[in-house]
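The structure under discussion appears below in the form of structure tokens.
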Amino acid sequence: MKYIVILGDGMADYPVEYFDGKTILEAADKPTIDYMCAHGELGMCKTVQDGMKPGSDVANLSVMGYDTAKSYTGRSPLEAASIGVEMRDDDVTFRTNLVTLSDEEDYADKTMLDYSAGEITTEESTKLMRSIADALDTDKIKFYPGISYRHLCVWNGGSTDVDLTPPHDISDKPIRDHLPKGTGADKLLEMMKASEKILKDHPVNKARIENGLNPATSIWVWGEGTKPNVGNFEAKYGVKGAVISAVDLIKGIAKCAGMRSIDVPGATGNCETNWNGKAQAALDVLLEGYDFVYVHMEAPDEMGHQGKPDKKKFAVETIDSKVVKFLKTELEKRGIDYRMLIMPDHPTPISLKTHVSDPVPYVIYDSTKTDGGSGLTYTEKNGESTGIYIEKGYTLMDRFLGK
């Protein structure tokens, strides 16, 4: 038996006015997922434990079977693991976005125009982050380039007793009430302000402006954390696993869990990602002898944050047509038995442009079972109607693997 998780990040939603009150899942044309739903188990799962923020870090750890109350030490440490930064016990890491702020003279008067600096490319952002590191690195504080707008700061001896806001939570909002607070906040804000001057006349930004693209006008720090505490996945579940994602966070979880992290050329985490390459990589790793593959696709979440319902619908439909359908077809024509779990980690409602903690619908499809099933299409309302509810999200993996 092979096990595949299809994780459509943030694809659950609330009713969307653009689609006459339908959710994205209700509006999307997704025949393969709906077939699997009708012939499989449909239910709801609470992936974000009470008292925890609904981040992709917490939610994906939960889907992967980890009790976040015990294993979670912050988001950025997982991203540090992804890019190979070894953490000391007294290190504190911070996620460092390149963002686009409005141009008011006083930093506190600015507005968060774009949390991703126009989905800046990795090639461009690496040059910008190297300039940031050259200017702001100290004996205790170091900056590291990551992927696209997502980067890393490590502060040896820093504090997690801080109040920091994810930039995607304040899209189009003034930043004044969301600047760093707590221990070390003055230093963090000092670096954010200093980054403005470093980035202002950078050749990369000048070129972006000339091309009509958003410049990266500042860094924005958030997602503080300490050395990860994630156990080995194979030891926990007895299956050899791999992860496919374009996102440092998910790659970091894989590495901390002792799973293989597979890089796919052209995988970006947005709608222009290499969908076919991800699907092929998932098939390849299963045929190589791996038992389990976790295919993470960021695009629905990105489109939710950007408030683009048509693009979010496109992302869900493409997951169905280019990933789920491909894997179903290729495994079945080879006579390979498999189980597939399809779900988001959390909702990212178009109306809010940020994550929420609401339970999400999941499907478990087993290719060896020909009878039974929900008889329903894959939507939030249908998931609620079944009465199946997994309150402790980290136990869903046991259910999926039949443990």
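Please note that chains go A, B, ... in the order of the structure tokens, that every chain numbers its residues from 1, and that ligands are numbered from 1 in the order shown.
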
Query raised in the report: Using only C-alpha atoms, which residues sit within 12 Å of A:Glu86 once same-chain residues fewer than 2 positions away are excluded, as JSON, numbers by chain?
Result: {"A": [77, 78, 79, 80, 81, 82, 83, 84, 88, 89, 90, 91, 92, 93, 144, 154, 156, 226, 227, 228, 252, 256]}

Report task. Run DSSP on the backbone and grab whatever in stretch 26-135 of chain A lands in helix (DSSP H, G or I); send it over as a PyMOL selection string. Result -> chain A and resi 26-27+31-38+56-63+68-71+76-82+107-109+122-135

**Report entry** Between atom CA of A:Phe233 and atom CA of A:Met64, distance in Å (one decimal)
**Finding:**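 So the answer is 8.5 Å.
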
Using only C-alpha atoms, tabulate the residues of stretch 224-255 of chain A lying at most 12 Å from any atom of stretch 32-56 of chain A, each with its closest atom pair and that distance in Å to one decimal, by chain and increasing residue number, as a tab-separated table.
residue	atom	partner	partner_atom	distance
A:Val247	CA	A:Ser56	CA	10.4
A:Asp248	CA	A:Ser56	CA	11.4
A:Leu249	CA	A:Ser56	CA	8.2
A:Ile250	CA	A:Ser56	CA	8.6
A:Ile253	CA	A:Ser56	CA	10.9

Restrict the selected residues to C-alpha atoms and save them as a compact mmCIF listing (two decimals), in the first residue's frame.
# COMPACT_ATOMS: atom_id res chain seq x y z
CA VAL A 247 8.05 26.36 0.72
CA ASP A 248 10.97 26.47 3.17
CA LEU A 249 8.65 25.87 6.12
CA ILE A 250 7.37 22.54 4.79
CA ILE A 253 9.37 20.10 8.77

**Report entry** Exercise: A:Glu302 partners within 12 Å, only C-alpha atoms, chain neighbours under 6 positions left out, as number ranges by chain
**Finding:** A: 8-11, 56, 114-116, 118-119, 168, 247, 268-273, 308-309, 311-313, 315-316, 347-350, 353-355

Query raised in the report: In terms of the shortest atom-to-atom distance over only C-alpha atoms, which of A:Met343, A:Ala216, A:Val295, A:Met112 is closest to A:Leu98?
Result: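 Among the listed residues, the smallest separation from A:Leu98 belongs to A:Ala216.
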
Report task. Considering only C-alpha atoms, state which residue in the set A:Lys140, A:Lys2, A:Arg75, A:Lys30 is at the smallest distance from A:Val324. Result ->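 Closest to A:Val324 of all the choices is A:Lys30.
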